[in-house]
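Structure data (PDB, C-alpha atoms) from protein-v2.pdb:
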MODEL        1
ATOM      1  CA  MET M   1     -10.376 -95.211  43.654
ATOM      2  CA  SER M   2     -12.508 -94.093  46.579
ATOM      3  CA  GLN M   3      -9.848 -94.496  49.295
ATOM      4  CA  LYS M   4      -8.170 -91.301  50.319
ATOM      5  CA  ASP M   5      -4.450 -91.154  49.634
ATOM      6  CA  PRO M   6      -2.854 -88.425  51.777
ATOM      7  CA  THR M   7       0.220 -88.333  49.539
ATOM      8  CA  ALA M   8      -1.827 -87.843  46.381
ATOM      9  CA  PRO M   9      -1.308 -84.600  44.493
ATOM     10  CA  ALA M  10      -4.195 -82.159  44.274
ATOM     11  CA  ARG M  11      -7.249 -83.771  42.797
ATOM     12  CA  PHE M  12      -7.861 -82.793  39.174
ATOM     13  CA  ASP M  13     -10.453 -80.036  39.189
ATOM     14  CA  PRO M  14     -11.861 -79.376  35.709
ATOM     15  CA  GLU M  15     -13.177 -75.944  36.674
ATOM     16  CA  GLN M  16      -9.757 -74.807  37.902
ATOM     17  CA  ALA M  17      -7.924 -76.525  35.033
ATOM     18  CA  ALA M  18     -10.174 -74.786  32.496
ATOM     19  CA  LYS M  19      -8.884 -71.401  33.674
ATOM     20  CA  TYR M  20      -5.403 -72.470  32.669
ATOM     21  CA  PHE M  21      -6.199 -74.594  29.594
ATOM     22  CA  PHE M  22      -8.439 -72.042  27.908
ATOM     23  CA  ARG M  23      -6.101 -69.083  28.339
ATOM     24  CA  HIS M  24      -3.986 -69.987  25.329
ATOM     25  CA  GLY M  25      -3.549 -72.340  22.396
ATOM     26  CA  HIS M  26      -6.261 -73.758  20.179
ATOM     27  CA  THR M  27      -8.919 -73.980  22.907
ATOM     28  CA  GLY M  28      -8.172 -70.414  23.985
ATOM     29  CA  TRP M  29      -8.548 -69.276  20.395
ATOM     30  CA  LEU M  30     -11.926 -71.030  20.248
ATOM     31  CA  GLY M  31     -12.948 -69.395  23.532
ATOM     32  CA  LEU M  32     -14.032 -72.616  25.251
ATOM     33  CA  ARG M  33     -15.571 -72.285  28.728
ATOM     34  CA  TYR M  34     -16.140 -74.647  31.610
ATOM     35  CA  CYS M  35     -19.812 -75.436  32.380
ATOM     36  CA  ALA M  36     -20.170 -78.344  34.782
ATOM     37  CA  HIS M  37     -18.803 -81.745  35.724
ATOM     38  CA  GLY M  38     -19.640 -84.927  37.633
ATOM     39  CA  ASN M  39     -17.597 -87.942  38.730
ATOM     40  CA  ASN M  40     -16.928 -89.141  35.205
ATOM     41  CA  TRP M  41     -18.106 -86.337  32.919
ATOM     42  CA  VAL M  42     -17.322 -82.772  31.930
ATOM     43  CA  GLU M  43     -19.407 -80.250  30.026
ATOM     44  CA  LEU M  44     -17.827 -77.336  28.152
ATOM     45  CA  GLU M  45     -19.271 -74.463  26.135
ATOM     46  CA  LEU M  46     -18.229 -73.279  22.686
ATOM     47  CA  PRO M  47     -19.611 -69.736  22.373
ATOM     48  CA  TRP M  48     -21.069 -68.616  19.051
ATOM     49  CA  ARG M  49     -18.639 -66.787  16.769
ATOM     50  CA  GLU M  50     -19.205 -65.447  13.287
ATOM     51  CA  ASP M  51     -15.771 -66.546  12.053
ATOM     52  CA  LEU M  52     -16.365 -70.193  12.933
ATOM     53  CA  LEU M  53     -19.002 -70.672  10.250
ATOM     54  CA  GLY M  54     -18.620 -73.660   7.980
ATOM     55  CA  GLU M  55     -20.511 -72.529   4.911
ATOM     56  CA  PRO M  56     -20.477 -69.274   2.990
ATOM     57  CA  ASP M  57     -24.232 -69.070   2.469
ATOM     58  CA  ARG M  58     -25.698 -70.327   5.746
ATOM     59  CA  PRO M  59     -25.083 -69.224   9.365
ATOM     60  CA  VAL M  60     -24.096 -72.728  10.440
ATOM     61  CA  LEU M  61     -21.226 -73.464  12.780
ATOM     62  CA  ALA M  62     -18.463 -75.487  11.127
ATOM     63  CA  SER M  63     -18.049 -78.978  12.451
ATOM     64  CA  GLY M  64     -14.302 -78.556  13.085
ATOM     65  CA  PRO M  65     -14.829 -76.503  16.255
ATOM     66  CA  ILE M  66     -17.306 -79.132  17.471
ATOM     67  CA  VAL M  67     -14.585 -81.786  17.123
ATOM     68  CA  SER M  68     -12.224 -79.526  19.114
ATOM     69  CA  LEU M  69     -14.870 -78.987  21.795
ATOM     70  CA  MET M  70     -15.580 -82.702  22.124
ATOM     71  CA  ASP M  71     -11.896 -83.682  22.039
ATOM     72  CA  MET M  72     -11.151 -81.266  24.881
ATOM     73  CA  ALA M  73     -14.202 -82.328  26.909
ATOM     74  CA  SER M  74     -13.080 -85.953  26.384
ATOM     75  CA  GLY M  75      -9.617 -85.324  27.811
ATOM     76  CA  MET M  76     -11.029 -83.447  30.784
ATOM     77  CA  ALA M  77     -13.625 -86.190  31.404
ATOM     78  CA  ILE M  78     -10.776 -88.730  31.519
ATOM     79  CA  TRP M  79      -8.765 -86.669  34.037
ATOM     80  CA  THR M  80     -11.882 -86.051  36.112
ATOM     81  CA  THR M  81     -12.648 -89.794  36.153
ATOM     82  CA  LYS M  82      -9.044 -90.607  37.034
ATOM     83  CA  THR M  83      -9.026 -87.655  39.496
ATOM     84  CA  GLN M  84      -5.602 -86.625  38.214
ATOM     85  CA  PHE M  85      -3.979 -85.266  35.097
ATOM     86  CA  ILE M  86      -2.342 -88.031  33.071
ATOM     87  CA  PRO M  87      -0.945 -87.617  29.565
ATOM     88  CA  VAL M  88      -3.363 -89.027  27.016
ATOM     89  CA  ALA M  89      -3.414 -89.052  23.226
ATOM     90  CA  THR M  90      -6.520 -89.244  21.059
ATOM     91  CA  LEU M  91      -6.453 -92.464  19.030
ATOM     92  CA  ASP M  92      -9.829 -92.323  17.398
ATOM     93  CA  LEU M  93     -12.698 -89.864  17.573
ATOM     94  CA  ARG M  94     -15.994 -90.313  15.768
ATOM     95  CA  VAL M  95     -18.631 -87.607  15.420
ATOM     96  CA  ASP M  96     -22.139 -88.361  14.130
ATOM     97  CA  TYR M  97     -23.932 -85.154  13.244
ATOM     98  CA  GLN M  98     -27.656 -85.177  13.971
ATOM     99  CA  ARG M  99     -28.487 -81.682  12.775
ATOM    100  CA  ALA M 100     -26.983 -78.213  12.373
ATOM    101  CA  ALA M 101     -26.573 -76.125  15.507
ATOM    102  CA  ARG M 102     -29.058 -73.260  15.808
ATOM    103  CA  ASP M 103     -28.051 -69.867  14.472
ATOM    104  CA  ARG M 104     -26.075 -67.806  17.013
ATOM    105  CA  ALA M 105     -26.348 -70.498  19.664
ATOM    106  CA  SER M 106     -23.545 -71.704  21.893
ATOM    107  CA  VAL M 107     -22.761 -75.386  21.512
ATOM    108  CA  PHE M 108     -22.241 -77.423  24.675
ATOM    109  CA  GLY M 109     -20.160 -80.577  24.722
ATOM    110  CA  ARG M 110     -20.834 -83.118  27.454
ATOM    111  CA  VAL M 111     -18.553 -86.147  27.477
ATOM    112  CA  GLU M 112     -18.334 -89.049  29.913
ATOM    113  CA  CYS M 113     -15.478 -91.479  30.359
ATOM    114  CA  TYR M 114     -17.346 -94.762  30.650
ATOM    115  CA  ARG M 115     -14.400 -97.140  30.817
ATOM    116  CA  MET M 116     -10.730 -96.996  31.783
ATOM    117  CA  THR M 117      -8.310 -99.848  31.217
ATOM    118  CA  ARG M 118      -4.547-100.027  31.780
ATOM    119  CA  SER M 119      -3.802 -98.296  28.546
ATOM    120  CA  ALA M 120      -7.006 -96.949  27.072
ATOM    121  CA  ALA M 121      -9.848 -94.626  28.031
ATOM    122  CA  PHE M 122     -13.219 -94.850  26.297
ATOM    123  CA  VAL M 123     -15.469 -91.817  26.028
ATOM    124  CA  ARG M 124     -18.880 -90.945  24.641
ATOM    125  CA  GLY M 125     -20.911 -87.794  24.651
ATOM    126  CA  VAL M 126     -23.250 -85.362  23.000
ATOM    127  CA  ALA M 127     -22.962 -81.866  21.614
ATOM    128  CA  HIS M 128     -26.154 -79.837  22.053
ATOM    129  CA  ASP M 129     -27.313 -76.250  21.825
ATOM    130  CA  GLY M 130     -29.375 -76.031  24.982
ATOM    131  CA  ASP M 131     -31.367 -79.259  25.137
ATOM    132  CA  ARG M 132     -29.372 -82.406  25.793
ATOM    133  CA  ASP M 133     -32.306 -84.514  24.588
ATOM    134  CA  ASP M 134     -32.081 -82.915  21.152
ATOM    135  CA  PRO M 135     -28.357 -83.198  20.388
ATOM    136  CA  VAL M 136     -26.432 -81.635  17.535
ATOM    137  CA  ALA M 137     -24.022 -84.579  17.493
ATOM    138  CA  HIS M 138     -23.071 -87.795  19.244
ATOM    139  CA  ILE M 139     -19.421 -88.673  19.713
ATOM    140  CA  ALA M 140     -17.423 -91.732  20.675
ATOM    141  CA  GLY M 141     -13.688 -91.863  21.180
ATOM    142  CA  VAL M 142     -10.747 -93.887  22.386
ATOM    143  CA  PHE M 143      -7.739 -92.306  24.063
ATOM    144  CA  MET M 144      -4.374 -93.916  24.773
ATOM    145  CA  VAL M 145      -2.841 -93.430  28.190
ATOM    146  CA  ILE M 146       0.798 -92.516  27.601
ATOM    147  CA  GLY M 147       3.891 -92.052  29.735
ATOM    148  CA  SER M 148       4.244 -93.104  33.328
ATOM    149  CA  ASP M 149       2.772 -92.103  36.638
ATOM    150  CA  PRO M 150       4.845 -89.179  37.994
ATOM    151  CA  ARG M 151       3.863 -90.110  41.577
ATOM    152  CA  THR M 152       5.348 -93.572  41.629
ATOM    153  CA  GLY M 153       7.506 -93.742  38.530
ATOM    154  CA  THR M 154       5.744 -96.924  37.500
ATOM    155  CA  ALA M 155       4.000 -97.278  34.219
ATOM    156  CA  LEU M 156       0.307 -96.691  34.434
ATOM    157  CA  GLY M 157      -1.405-100.019  34.388
ATOM    158  CA  GLN M 158       1.016-101.498  36.911
ATOM    159  CA  LYS M 159      -0.997 -99.708  39.533
ATOM    160  CA  SER M 160      -3.386-101.993  41.358
ATOM    161  CA  GLU M 161      -5.908 -99.271  42.115
ATOM    162  CA  MET M 162      -6.922 -98.950  38.475
ATOM    163  CA  PRO M 163     -10.548 -99.919  38.027
ATOM    164  CA  HIS M 164     -11.362-102.897  35.805
ATOM    165  CA  ASP M 165      -7.801-104.206  35.805
TER
ATOM    166  CA  MET R 166      -2.176 -71.597  -8.482
ATOM    167  CA  THR R 167      -4.634 -72.824 -11.091
ATOM    168  CA  GLU R 168      -7.920 -71.111 -11.888
ATOM    169  CA  GLN R 169      -9.827 -73.832 -10.084
ATOM    170  CA  ALA R 170      -7.855 -73.389  -6.894
ATOM    171  CA  SER R 171      -8.429 -69.648  -6.800
ATOM    172  CA  ALA R 172     -12.166 -70.159  -7.389
ATOM    173  CA  LEU R 173     -12.363 -72.538  -4.437
ATOM    174  CA  GLN R 174     -13.672 -70.693  -1.379
ATOM    175  CA  LEU R 175     -12.655 -71.953   2.014
ATOM    176  CA  PRO R 176     -15.262 -71.431   4.744
ATOM    177  CA  ALA R 177     -14.817 -68.762   7.441
ATOM    178  CA  TYR R 178     -13.731 -71.318  10.017
ATOM    179  CA  ALA R 179     -10.934 -72.671   7.811
ATOM    180  CA  ARG R 180      -9.673 -69.175   6.921
ATOM    181  CA  SER R 181      -9.881 -68.085  10.538
ATOM    182  CA  LEU R 182      -7.816 -71.080  11.649
ATOM    183  CA  GLY R 183      -5.179 -70.122   9.052
ATOM    184  CA  ILE R 184      -5.876 -72.856   6.503
ATOM    185  CA  THR R 185      -4.942 -72.012   2.910
ATOM    186  CA  ILE R 186      -4.769 -73.853  -0.411
ATOM    187  CA  ALA R 187      -1.173 -74.986  -0.913
ATOM    188  CA  SER R 188      -1.564 -76.393  -4.393
ATOM    189  CA  MET R 189      -3.929 -78.061  -6.780
ATOM    190  CA  ASP R 190      -3.150 -81.030  -8.963
ATOM    191  CA  GLU R 191      -5.047 -83.837 -10.672
ATOM    192  CA  ARG R 192      -5.647 -85.463  -7.291
ATOM    193  CA  GLY R 193      -7.398 -82.339  -5.999
ATOM    194  CA  PRO R 194      -6.636 -79.429  -3.648
ATOM    195  CA  ILE R 195      -3.933 -79.755  -1.009
ATOM    196  CA  LEU R 196      -4.747 -77.635   2.037
ATOM    197  CA  THR R 197      -2.190 -76.463   4.542
ATOM    198  CA  VAL R 198      -1.890 -74.774   7.919
ATOM    199  CA  ASP R 199       1.198 -73.463   9.685
ATOM    200  CA  PHE R 200       1.916 -74.309  13.279
ATOM    201  CA  GLY R 201       0.993 -71.498  15.674
ATOM    202  CA  PRO R 202      -0.960 -70.637  18.821
ATOM    203  CA  ASN R 203      -4.292 -71.100  16.988
ATOM    204  CA  VAL R 204      -3.668 -74.810  16.475
ATOM    205  CA  GLU R 205      -1.582 -75.640  19.549
ATOM    206  CA  GLY R 206      -2.874 -78.161  22.076
ATOM    207  CA  ARG R 207      -0.308 -79.774  24.346
ATOM    208  CA  PRO R 208       2.685 -77.374  24.280
ATOM    209  CA  GLY R 209       4.595 -77.863  21.038
ATOM    210  CA  ALA R 210       2.006 -80.078  19.362
ATOM    211  CA  PHE R 211      -1.120 -79.730  17.262
ATOM    212  CA  HIS R 212      -4.451 -79.904  19.072
ATOM    213  CA  GLY R 213      -6.449 -82.901  17.864
ATOM    214  CA  GLY R 214      -9.343 -80.594  17.089
ATOM    215  CA  ALA R 215      -7.202 -78.400  14.842
ATOM    216  CA  THR R 216      -5.920 -81.458  12.979
ATOM    217  CA  ALA R 217      -9.530 -82.603  12.559
ATOM    218  CA  GLY R 218     -10.440 -79.130  11.291
ATOM    219  CA  LEU R 219      -7.747 -79.344   8.603
ATOM    220  CA  LEU R 220      -8.786 -82.882   7.594
ATOM    221  CA  GLU R 221     -12.411 -81.862   7.374
ATOM    222  CA  ALA R 222     -11.683 -78.699   5.379
ATOM    223  CA  ALA R 223      -9.596 -80.778   2.941
ATOM    224  CA  GLY R 224     -12.459 -83.262   2.603
ATOM    225  CA  TYR R 225     -14.976 -80.549   1.760
ATOM    226  CA  ALA R 226     -12.546 -78.853  -0.642
ATOM    227  CA  ALA R 227     -11.919 -82.145  -2.461
ATOM    228  CA  LEU R 228     -15.645 -82.711  -2.821
ATOM    229  CA  ARG R 229     -16.327 -79.148  -4.014
ATOM    230  CA  VAL R 230     -13.696 -79.491  -6.722
ATOM    231  CA  ALA R 231     -14.974 -82.928  -7.772
ATOM    232  CA  LEU R 232     -18.522 -81.571  -8.045
ATOM    233  CA  GLU R 233     -17.321 -78.644 -10.163
ATOM    234  CA  ARG R 234     -15.500 -81.046 -12.452
ATOM    235  CA  ASP R 235     -18.541 -83.314 -12.721
ATOM    236  CA  GLU R 236     -20.188 -82.281 -15.956
ATOM    237  CA  ARG R 237     -23.329 -84.270 -15.230
ATOM    238  CA  ARG R 238     -24.179 -81.688 -12.597
ATOM    239  CA  HIS R 239     -24.208 -78.822 -15.145
ATOM    240  CA  GLY R 240     -22.568 -76.441 -12.692
ATOM    241  CA  SER R 241     -25.245 -76.690 -10.008
ATOM    242  CA  GLN R 242     -23.627 -76.901  -6.608
ATOM    243  CA  PRO R 243     -25.461 -78.694  -3.786
ATOM    244  CA  GLN R 244     -25.238 -77.718  -0.140
ATOM    245  CA  LEU R 245     -22.886 -80.011   1.710
ATOM    246  CA  LYS R 246     -23.925 -81.304   5.116
ATOM    247  CA  PRO R 247     -21.813 -83.472   7.379
ATOM    248  CA  ILE R 248     -23.161 -86.908   8.254
ATOM    249  CA  ASN R 249     -20.152 -88.095  10.196
ATOM    250  CA  ILE R 250     -16.400 -87.989  10.513
ATOM    251  CA  THR R 251     -14.058 -90.497  12.131
ATOM    252  CA  VAL R 252     -10.545 -89.254  12.784
ATOM    253  CA  GLN R 253      -7.608 -91.583  13.413
ATOM    254  CA  TYR R 254      -4.675 -89.937  15.161
ATOM    255  CA  LEU R 255      -1.499 -91.750  14.132
ATOM    256  CA  THR R 256       1.215 -89.634  15.701
ATOM    257  CA  ALA R 257       1.539 -86.225  17.345
ATOM    258  CA  GLY R 258       1.466 -83.237  14.997
ATOM    259  CA  LYS R 259       4.747 -81.417  15.592
ATOM    260  CA  GLN R 260       5.563 -77.707  15.287
ATOM    261  CA  LYS R 261       5.613 -77.846  11.501
ATOM    262  CA  GLN R 262       3.531 -76.897   8.515
ATOM    263  CA  THR R 263       0.860 -79.534   7.969
ATOM    264  CA  PHE R 264      -0.864 -80.575   4.746
ATOM    265  CA  ALA R 265      -4.032 -82.506   3.941
ATOM    266  CA  LEU R 266      -5.552 -84.023   0.832
ATOM    267  CA  GLY R 267      -8.956 -85.628   0.496
ATOM    268  CA  ARG R 268      -9.756 -88.530  -1.820
ATOM    269  CA  ILE R 269     -13.285 -89.301  -2.864
ATOM    270  CA  THR R 270     -13.876 -93.001  -2.378
ATOM    271  CA  ARG R 271     -17.381 -92.862  -3.739
ATOM    272  CA  LEU R 272     -19.376 -90.001  -5.209
ATOM    273  CA  GLY R 273     -23.042 -90.902  -5.181
ATOM    274  CA  ARG R 274     -26.023 -88.815  -6.132
ATOM    275  CA  ARG R 275     -26.985 -87.878  -2.576
ATOM    276  CA  ASN R 276     -23.926 -88.640  -0.534
ATOM    277  CA  ALA R 277     -20.187 -88.911  -0.821
ATOM    278  CA  ASN R 278     -17.657 -91.013   1.074
ATOM    279  CA  LEU R 279     -14.165 -89.572   1.460
ATOM    280  CA  THR R 280     -10.877 -90.470   3.025
ATOM    281  CA  VAL R 281      -8.516 -87.671   3.993
ATOM    282  CA  GLU R 282      -4.870 -87.791   5.019
ATOM    283  CA  ALA R 283      -2.811 -85.178   6.855
ATOM    284  CA  TRP R 284       0.986 -85.168   6.869
ATOM    285  CA  GLN R 285       3.960 -82.961   7.723
ATOM    286  CA  ASP R 286       7.368 -83.703   6.150
ATOM    287  CA  ASP R 287       6.596 -86.848   4.250
ATOM    288  CA  GLY R 288       3.375 -87.443   2.332
ATOM    289  CA  SER R 289       3.787 -91.187   2.706
ATOM    290  CA  ARG R 290       3.767 -90.908   6.508
ATOM    291  CA  PRO R 291       0.413 -89.445   7.557
ATOM    292  CA  ILE R 292      -0.037 -88.027  11.062
ATOM    293  CA  ALA R 293      -3.814 -88.440  10.952
ATOM    294  CA  THR R 294      -6.494 -89.770   8.642
ATOM    295  CA  ALA R 295     -10.239 -89.302   8.474
ATOM    296  CA  VAL R 296     -13.218 -90.993   6.898
ATOM    297  CA  MET R 297     -16.127 -88.691   6.146
ATOM    298  CA  ASN R 298     -19.672 -89.139   4.880
ATOM    299  CA  ILE R 299     -21.157 -85.981   3.431
ATOM    300  CA  LEU R 300     -24.758 -85.411   2.403
ATOM    301  CA  MET R 301     -25.355 -83.386  -0.767
ATOM    302  CA  ALA R 302     -28.711 -81.644  -0.457
TER
ENDMDL
END
Have the structure of the file written as structure tokens, please.
Amino acid sequence: MSQKDPTAPARFDPEQAAKYFFRHGHTGWLGLRYCAHGNNWVELELPWREDLLGEPDRPVLASGPIVSLMDMASGMAIWTTKTQFIPVATLDLRVDYQRAARDRASVFGRVECYRMTRSAAFVRGVAHDGDRDDPVAHIAGVFMVIGSDPRTGTALGQKSEMPHD
Amino acid sequence: MTEQASALQLPAYARSLGITIASMDERGPILTVDFGPNVEGRPGAFHGGATAGLLEAAGYAALRVALERDERRHGSQPQLKPINITVQYLTAGKQKQTFALGRITRLGRRNANLTVEAWQDDGSRPIATAVMNILMA
């Protein structure tokens, strides 16, 4: 993965991609924002919003938007790890809630892709409201790599450069 | 719509996403959301997070109704807090109205375990399912 391929399309850049992704659709409606990324992780922000509350009597963010945040951060962590956009589908996403997010606080979702195989990508991460050591939730997910590689026309997984093949 | 369905309050998030109560029968409340920009992920398909939001809202609604029907609780309603949710995505959610119904697998004193299914055209062919544990405090 580290060799430079001069014919490769532009490297997936989560910061640039966020500008496009979060302009419309569900993630645009939520108002997600890009925060930071590394080689195999992406962190996004879900800003506080009154109409995303989950309970009538307490100012607590609903957990649905947290799933959306973590699902999106998962996809972007996979593309960042792979360094290119590839179609993926969420197979399974698990969220373990540790505590309610603080009142009027943004929630940040940081997800890493810790393993890629021919057909699956495994992710894990935390949602937090400022302190990553005191998370709101832990997540774990599995994504299916679908379709074929538009560069070569071969199915993903036939490529020898895939790690762990 | 029955009296029970109209008394059921969906949280701000669910209403904001466009989720409404489609119907209520002996199995519990069926929640629904139309396809639209609010729920769109990949062009022409539901975002996984929106599908999860519908599943979760249906789970909470099912539990609220079950608690109201539970005479042992004498009308006192606990606060519901999520412990965890695991969503299984079975197939892409297309540009269609989507429904969800939660089933309470076990209603304990302090926690409840639910399974929720979401479907589009055919109730016997779910597009996603969820398992939820909810704490009743």
Open item on the list: Counting all atoms listed in the file, which residue out of M:Ile139, M:Ile78, M:Ile86, M:Val126 sits closest to Arg110 (chain M)?
Closed with: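 Closest residue, counting all atoms listed in the file: M:Val126.
Going from CA of Val88 (chain M) to CA of Ile146 (chain M) covers 5.5 Å.
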Task: Interface list for chain M, partner chain R, 8 Å threshold, only C-alpha atoms, as number ranges by chain - done: M: 24-27, 29, 51-56, 62-65, 67-69, 71, 90-98
Open item on the list: Take the PyMOL selection byres ((chain R and resi 269) around 8), run it mentally on this structure, and tell me the resulting residues as a count of residues only.
Closed with: 11
Open item on the list: Counting only C-alpha atoms, which residue out of R:Ala226, R:Leu173, R:Arg237, R:Asp286 sits closest to Arg192 (chain R)?
Closed with: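 Using only C-alpha atoms, Arg192 (chain R) sits closest to R:Ala226.
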So what does the PyMOL selection byres ((chain M and resi 84) around 10) actually pick up in this one, as a short mmCIF file (atom, residue, chain, number, x, y, z; two decimals) with C-alpha atoms, in the coordinates of the input?
data_model
loop_
_atom_site.label_atom_id
_atom_site.label_comp_id
_atom_site.auth_asym_id
_atom_site.auth_seq_id
_atom_site.Cartn_x
_atom_site.Cartn_y
_atom_site.Cartn_z
CA ALA M 8 -1.83 -87.84 46.38
CA PRO M 9 -1.31 -84.60 44.49
CA ALA M 10 -4.20 -82.16 44.27
CA ARG M 11 -7.25 -83.77 42.80
CA PHE M 12 -7.86 -82.79 39.17
CA ASP M 13 -10.45 -80.04 39.19
CA PRO M 14 -11.86 -79.38 35.71
CA MET M 76 -11.03 -83.45 30.78
CA ILE M 78 -10.78 -88.73 31.52
CA TRP M 79 -8.76 -86.67 34.04
CA THR M 80 -11.88 -86.05 36.11
CA THR M 81 -12.65 -89.79 36.15
CA LYS M 82 -9.04 -90.61 37.03
CA THR M 83 -9.03 -87.66 39.50
CA PHE M 85 -3.98 -85.27 35.10
CA ILE M 86 -2.34 -88.03 33.07
CA PRO M 87 -0.94 -87.62 29.56
#
TODO: Can you turn the PyMOL selection byres ((chain M and resi 108) around 9) into a concrete residue list for this file, as a PyMOL selection string?
DONE: chain M and resi 35+43-47+66+69-70+106-107+109-110+126-130+132
Task: Between CA of Met116 (chain M) and CA of Val42 (chain M), distance in Å (one decimal) - done: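 Spanning CA of Met116 (chain M) to CA of Val42 (chain M) is a straight-line distance of 15.7 Å.
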Task: Which residue of M:Val136, M:Cys113, M:Ala101, M:Val145 approaches Arg58 (chain M) most closely, using only C-alpha atoms - done: M:Ala101
Open item on the list: Using Å and a single decimal, report how far CA of Ala73 (chain M) sits from CA of Pro291 (chain R).
Closed with: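 So the two atoms, CA of Pro291 (chain R) and CA of Ala73 (chain M), lie 25.3 Å apart.
If you measure from each of M:Ala105, M:Ala36, M:Ala100, M:Val60 to Ala77 (chain M) using all atoms listed in the file, the closest one turns out to be M:Ala36.
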- [ ] Find the residues around Gln242 (chain R) up to 10 Å (only C-alpha atoms counted), leave out those fewer than 2 positions away in its own chain, and share them as a list in words.
- [x]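 Once the adjacent positions are removed, what remains is Arg229, Leu232, Glu233, Arg238, His239, Gly240, Gln244, Leu245, Met301 and Ala302 of chain R.
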Open item on the list: My list of candidates is R:Gly183, R:Glu236, R:Leu196, R:Val230. Which is closest to Ala265 (chain R) when distances are computed with only C-alpha atoms?
Closed with: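 Result for the nearest residue to Ala265 (chain R): R:Leu196.
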Please put the answer as JSON: centre and edge lengths, in Å with one decimal, of a box along x, y and z that encloses all listed atoms of region 246-261 of chain R plus 8 Å on each side.
{"center_x": -9.2, "center_y": -84.7, "center_z": 11.2, "size_x": 45.5, "size_y": 30.0, "size_z": 28.2}
